Number of protein chains: 4
Amino acid sequence: MSGEQEKLNVPVCQKKGELAPFAGALPPSADTISDLICRELIAEAKKMLPMAYAPYSGFQVGAALLTASKKIYTGCNIENAAFSPTVCAERTAFFKAVSEGEREFTAIAVIGGKNGSPSDYTAPCGVCRQVMAEFCNLQKFYVIIARSEEDYWLYRLDELLPISFSPKNLGR
Amino acid sequence: MSGEQEKLNVPVCQKKGELAPFAGALPPSADTISDLICRELIAEAKKMLPMAYAPYSGFQVGAALLTASKKIYTGCNIENAAFSPTVCAERTAFFKAVSEGEREFTAIAVIGGKNGSPSDYTAPCGVCRQVMAEFCNLQKFYVIIARSEEDYWLYRLDELLPISFSPKNLGR
Amino acid sequence: MSGEQEKLNVPVCQKKGELAPFAGALPPSADTISDLICRELIAEAKKMLPMAYAPYSGFQVGAALLTASKKIYTGCNIENAAFSPTVCAERTAFFKAVSEGEREFTAIAVIGGKNGSPSDYTAPCGVCRQVMAEFCNLQKFYVIIARSEEDYWLYRLDELLPISFSPKNLGR
Amino acid sequence: MSGEQEKLNVPVCQKKGELAPFAGALPPSADTISDLICRELIAEAKKMLPMAYAPYSGFQVGAALLTASKKIYTGCNIENAAFSPTVCAERTAFFKAVSEGEREFTAIAVIGGKNGSPSDYTAPCGVCRQVMAEFCNLQKFYVIIARSEEDYWLYRLDELLPISFSPKNLGR
């Protein structure tokens, strides 16, 4: 993680190629997380693709979560014959971090594809967004949706889970 | 459901009071579902509050789902001591409808609160948004987040689950 | 459901053919639910197979739940691209019944198979057993695992979820 | 983990006090995992209680999972305002291990209680049993349900999830 402090002059958010499977029309957000950090998180997320246990979908996903304390926790998807108990890469990374005492988070990168080869952008599912919302400041937590270190979209969590059901609804 | 065909001159989306617990800043969408339909769905959702099984949170939620075939399916939240197997009101309504053969949907109303008395707006959780995304056209399905028949927000699903992970990601 | 009151002299639990995929060695329980009821529930469960939404596994499941008030609620499995939000046939039946005000249950039949054609016994997953445990007396609720009306295993819930985590653990 | 190899003459399974909340009547299994290993896993599970994130139930749980390669992975429960995305201690431990490449497991210890103080035995929920069934040999994987290092029940997984729905059902 050396180097993520220095401000870079590279564009913060890069996007190449088509974004066909996405329904939304929101512009990617920008400005508070550097391209260098994004690239490093994507690289760590990619390394998790071979760890995925995805015999039912054949769709491998990796994630890398950056904590406020500058540590990176990684995860992969882990499927289950009964489907419901399946966990995604993003949640695996969060559960690892929280169980190690982490409670503040900065950003997460997600990458995935059939047979472990990313071809399209893989956005976090609604379940994972809800887990992020439990721990993160929705305006300050970043989600990096990547096809490679050079080709990714960058969003704030409140762009991906607007009008959220949150701990505040239960009086917290 | 008689009457939902006639175009009304009432405002399509109404909102009174504060929206404190919501993080997002999106303007409510408008124009394709009438106030009359919204009110009827909210009324049906409210009737479900006493059916809720919520001994662990004390937070009751009701939902009413309108199908393309103009039928209404209702649901409530059903909690579980182990938490994970809990189902929300929205999903209960969807599961009932899908198990009866429905596959096309128009709108869903959600209302909830502590001890069955709605005080704030209760937005669908990420899990429920993901279930909606499986069956609905994100640009054409409406979510009504209500405190009463007269006081509600109206959203399109793509405003609540932008950049979704969808069946297309798995090649469908 | 006419006729389930009369005591029959047919064997209560029948089993034909191999039980290859099952790991357990428990003898099927017996004696308090008639073969006639089992057959009727299996027939209702089978009718749900075409309703299943199972594009990802290709494995359809149907269930029929008998309430203490002698009503039958049916369900099917409903999958989701994100896997975790998937619901099984048994839970669908329970959620429908609970949302209609039912709180006491007698038995559930489950049947399933690839392409909707039951070839093997399909046992409830752990998630569904946990939902049953929330509402049922474990010693008095019956689970019918069937390949056809004539070929099924009959279990009490405490045989399928022994030493359960239950509402009592949270002080209820 | 030093010392778990040597065979001890202490009783393998110990139980003191009442077992009030448990519905089952199965005798605890025995003979292939030593008391010393059980005590060490329980000690590791206990250390996780303060890591638990359980603001909604107030019920903290810790788990420690032993791999075939003699490594220990620990977990705690992590709750969510929307309830469904909650994860239990056992699953957290499994997800961590699987995401690090582990695929073979020997035993797991579970301990929990209100305010982090174990008063009763806390059995794994059905969801967690289903996750264990995905990766473990049901006849050879052990579950230690503990109140303290000296006071625990020992089960094989097939005693806790008999007649399981398993990968074999989907043709694996």
# chains A, B, ... in the order shown; residues from 1 in each chain; ligands from 1
>>> interface_residues(of="chain A", to="chain C", cutoff="7 Å", atoms="only C-alpha atoms", output="VMD selection string")
chain A and resid 82 to 87 125
>>> select_by_dssp(residues="range 38-154 of chain B", states="helix (DSSP H, G or I)", output="PyMOL selection string")
chain B and resi 38-47+49-51+89-99+126-135
>>> write_last_selection(atoms="N, CA, C and O atoms", output="short mmCIF file (atom, residue, chain, number, x, y, z; two decimals), in the first residue's frame")
data_model
loop_
_atom_site.label_atom_id
_atom_site.label_comp_id
_atom_site.auth_asym_id
_atom_site.auth_seq_id
_atom_site.Cartn_x
_atom_site.Cartn_y
_atom_site.Cartn_z
N CYS B 38 -51.31 4.42 -6.13
CA CYS B 38 -50.40 4.47 -4.98
C CYS B 38 -51.19 4.37 -3.68
O CYS B 38 -50.84 3.59 -2.79
N ARG B 39 -52.24 5.13 -3.57
CA ARG B 39 -53.04 5.13 -2.33
C ARG B 39 -53.65 3.76 -2.06
O ARG B 39 -53.68 3.29 -0.92
N GLU B 40 -54.14 3.12 -3.12
CA GLU B 40 -54.76 1.81 -2.91
C GLU B 40 -53.71 0.78 -2.46
O GLU B 40 -53.97 -0.02 -1.55
N LEU B 41 -52.54 0.82 -3.09
CA LEU B 41 -51.50 -0.14 -2.69
C LEU B 41 -51.04 0.13 -1.25
O LEU B 41 -50.81 -0.80 -0.47
N ILE B 42 -50.91 1.40 -0.90
CA ILE B 42 -50.52 1.73 0.48
C ILE B 42 -51.57 1.21 1.47
O ILE B 42 -51.24 0.64 2.51
N ALA B 43 -52.84 1.38 1.12
CA ALA B 43 -53.91 0.90 2.01
C ALA B 43 -53.82 -0.61 2.21
O ALA B 43 -53.97 -1.12 3.33
N GLU B 44 -53.54 -1.33 1.12
CA GLU B 44 -53.41 -2.79 1.22
C GLU B 44 -52.17 -3.17 2.04
O GLU B 44 -52.19 -4.13 2.81
N ALA B 45 -51.09 -2.44 1.83
CA ALA B 45 -49.86 -2.72 2.58
C ALA B 45 -50.09 -2.51 4.08
O ALA B 45 -49.63 -3.30 4.91
N LYS B 46 -50.79 -1.45 4.41
CA LYS B 46 -51.06 -1.15 5.83
C LYS B 46 -51.84 -2.25 6.53
O LYS B 46 -51.60 -2.56 7.70
N LYS B 47 -52.76 -2.85 5.78
CA LYS B 47 -53.57 -3.93 6.37
C LYS B 47 -52.71 -5.13 6.78
O LYS B 47 -53.15 -5.97 7.57
N LEU B 49 -49.80 -4.99 8.32
CA LEU B 49 -48.96 -4.74 9.50
C LEU B 49 -49.29 -5.68 10.66
O LEU B 49 -48.37 -6.21 11.31
N PRO B 50 -50.56 -5.95 10.93
CA PRO B 50 -50.84 -6.85 12.06
C PRO B 50 -50.46 -8.31 11.80
O PRO B 50 -50.41 -9.10 12.73
N MET B 51 -50.22 -8.67 10.54
CA MET B 51 -49.83 -10.04 10.21
C MET B 51 -48.34 -10.27 10.46
O MET B 51 -47.89 -11.42 10.53
N ALA B 89 -41.25 -7.94 4.06
CA ALA B 89 -42.60 -7.85 3.51
C ALA B 89 -42.59 -7.87 1.99
O ALA B 89 -43.43 -8.53 1.35
N GLU B 90 -41.64 -7.16 1.39
CA GLU B 90 -41.60 -7.06 -0.07
C GLU B 90 -41.33 -8.43 -0.71
O GLU B 90 -41.96 -8.80 -1.70
N ARG B 91 -40.36 -9.14 -0.13
CA ARG B 91 -40.06 -10.46 -0.69
C ARG B 91 -41.21 -11.43 -0.48
O ARG B 91 -41.51 -12.25 -1.36
N THR B 92 -41.86 -11.37 0.67
CA THR B 92 -43.02 -12.24 0.89
C THR B 92 -44.06 -12.02 -0.21
O THR B 92 -44.59 -12.98 -0.79
N ALA B 93 -44.34 -10.77 -0.52
CA ALA B 93 -45.32 -10.47 -1.57
C ALA B 93 -44.85 -11.01 -2.93
O ALA B 93 -45.63 -11.61 -3.67
N PHE B 94 -43.58 -10.81 -3.24
CA PHE B 94 -43.04 -11.33 -4.51
C PHE B 94 -43.10 -12.86 -4.57
O PHE B 94 -43.49 -13.44 -5.59
N PHE B 95 -42.70 -13.50 -3.47
CA PHE B 95 -42.66 -14.97 -3.49
C PHE B 95 -44.07 -15.55 -3.65
O PHE B 95 -44.27 -16.54 -4.36
N LYS B 96 -45.04 -14.91 -3.00
CA LYS B 96 -46.41 -15.37 -3.17
C LYS B 96 -46.85 -15.24 -4.62
O LYS B 96 -47.42 -16.17 -5.21
N ALA B 97 -46.57 -14.10 -5.22
CA ALA B 97 -47.00 -13.84 -6.58
C ALA B 97 -46.31 -14.77 -7.58
O ALA B 97 -46.96 -15.39 -8.43
N VAL B 98 -45.00 -14.90 -7.44
CA VAL B 98 -44.26 -15.74 -8.39
C VAL B 98 -44.72 -17.19 -8.26
O VAL B 98 -44.86 -17.91 -9.26
N SER B 99 -44.97 -17.64 -7.03
CA SER B 99 -45.40 -19.03 -6.84
C SER B 99 -46.82 -19.26 -7.37
O SER B 99 -47.24 -20.41 -7.53
N GLY B 126 -31.60 -3.98 0.62
CA GLY B 126 -30.90 -4.39 -0.60
C GLY B 126 -31.29 -5.77 -1.08
O GLY B 126 -31.32 -6.03 -2.29
N VAL B 127 -31.60 -6.66 -0.16
CA VAL B 127 -32.00 -8.02 -0.55
C VAL B 127 -33.29 -7.95 -1.36
O VAL B 127 -33.41 -8.59 -2.42
N CYS B 128 -34.24 -7.18 -0.88
CA CYS B 128 -35.53 -7.07 -1.59
C CYS B 128 -35.36 -6.39 -2.95
O CYS B 128 -36.00 -6.78 -3.92
N ARG B 129 -34.51 -5.38 -3.00
CA ARG B 129 -34.27 -4.73 -4.30
C ARG B 129 -33.71 -5.74 -5.31
O ARG B 129 -34.03 -5.70 -6.50
N GLN B 130 -32.85 -6.63 -4.81
CA GLN B 130 -32.27 -7.64 -5.71
C GLN B 130 -33.34 -8.61 -6.20
O GLN B 130 -33.30 -9.05 -7.36
N VAL B 131 -34.28 -8.98 -5.34
CA VAL B 131 -35.37 -9.86 -5.77
C VAL B 131 -36.24 -9.14 -6.81
O VAL B 131 -36.64 -9.72 -7.83
N MET B 132 -36.53 -7.86 -6.58
CA MET B 132 -37.29 -7.09 -7.57
C MET B 132 -36.56 -7.08 -8.92
O MET B 132 -37.17 -7.23 -9.98
N ALA B 133 -35.23 -6.91 -8.87
CA ALA B 133 -34.44 -6.81 -10.10
C ALA B 133 -34.47 -8.09 -10.92
O ALA B 133 -34.25 -8.07 -12.13
N GLU B 134 -34.74 -9.20 -10.25
CA GLU B 134 -34.79 -10.49 -10.96
C GLU B 134 -35.99 -10.54 -11.91
O GLU B 134 -35.92 -11.15 -12.97
N PHE B 135 -37.08 -9.88 -11.50
CA PHE B 135 -38.33 -10.04 -12.25
C PHE B 135 -38.80 -8.78 -12.95
O PHE B 135 -39.65 -8.85 -13.84
#
>>> atom_distance(atom1="CA of Trp153 in chain A", atom2="CA of Ala64 in chain A")
15.0 Å
>>> select_by_dssp(residues="range 54-139 of chain D", states="strand (DSSP E or B)", output="list in words")
Phe59, Gln60, Val61, Gly62, Ala63, Ala64, Leu65, Leu66, Thr67, Ile72, Tyr73, Thr74, Gly75, Cys76, Ile78, Val87, Phe105, Thr106, Ala107, Ile108, Ala109, Val110, Ile111, Gly112, Gly113 and Lys114 of chain D
>>> closest_residue(among="A:Ser34, A:Ser166, A:Ser69, A:Gln60", to="Asn137 in chain A", atoms="only C-alpha atoms")
A:Ser166
>>> closest_residue(among="B:Ala68, B:Arg172, B:Ile108, B:Leu138", to="Asp158 in chain B", atoms="only C-alpha atoms")
B:Leu138
>>> closest_residue(among="C:Ser164, C:Thr74, C:Thr122, C:Asn169", to="Met48 in chain C", atoms="only C-alpha atoms")
C:Thr74
>>> closest_residue(among="C:Lys71, C:Tyr142, C:Gly116, C:Tyr53", to="Glu100 in chain B", atoms="only C-alpha atoms")
C:Tyr53
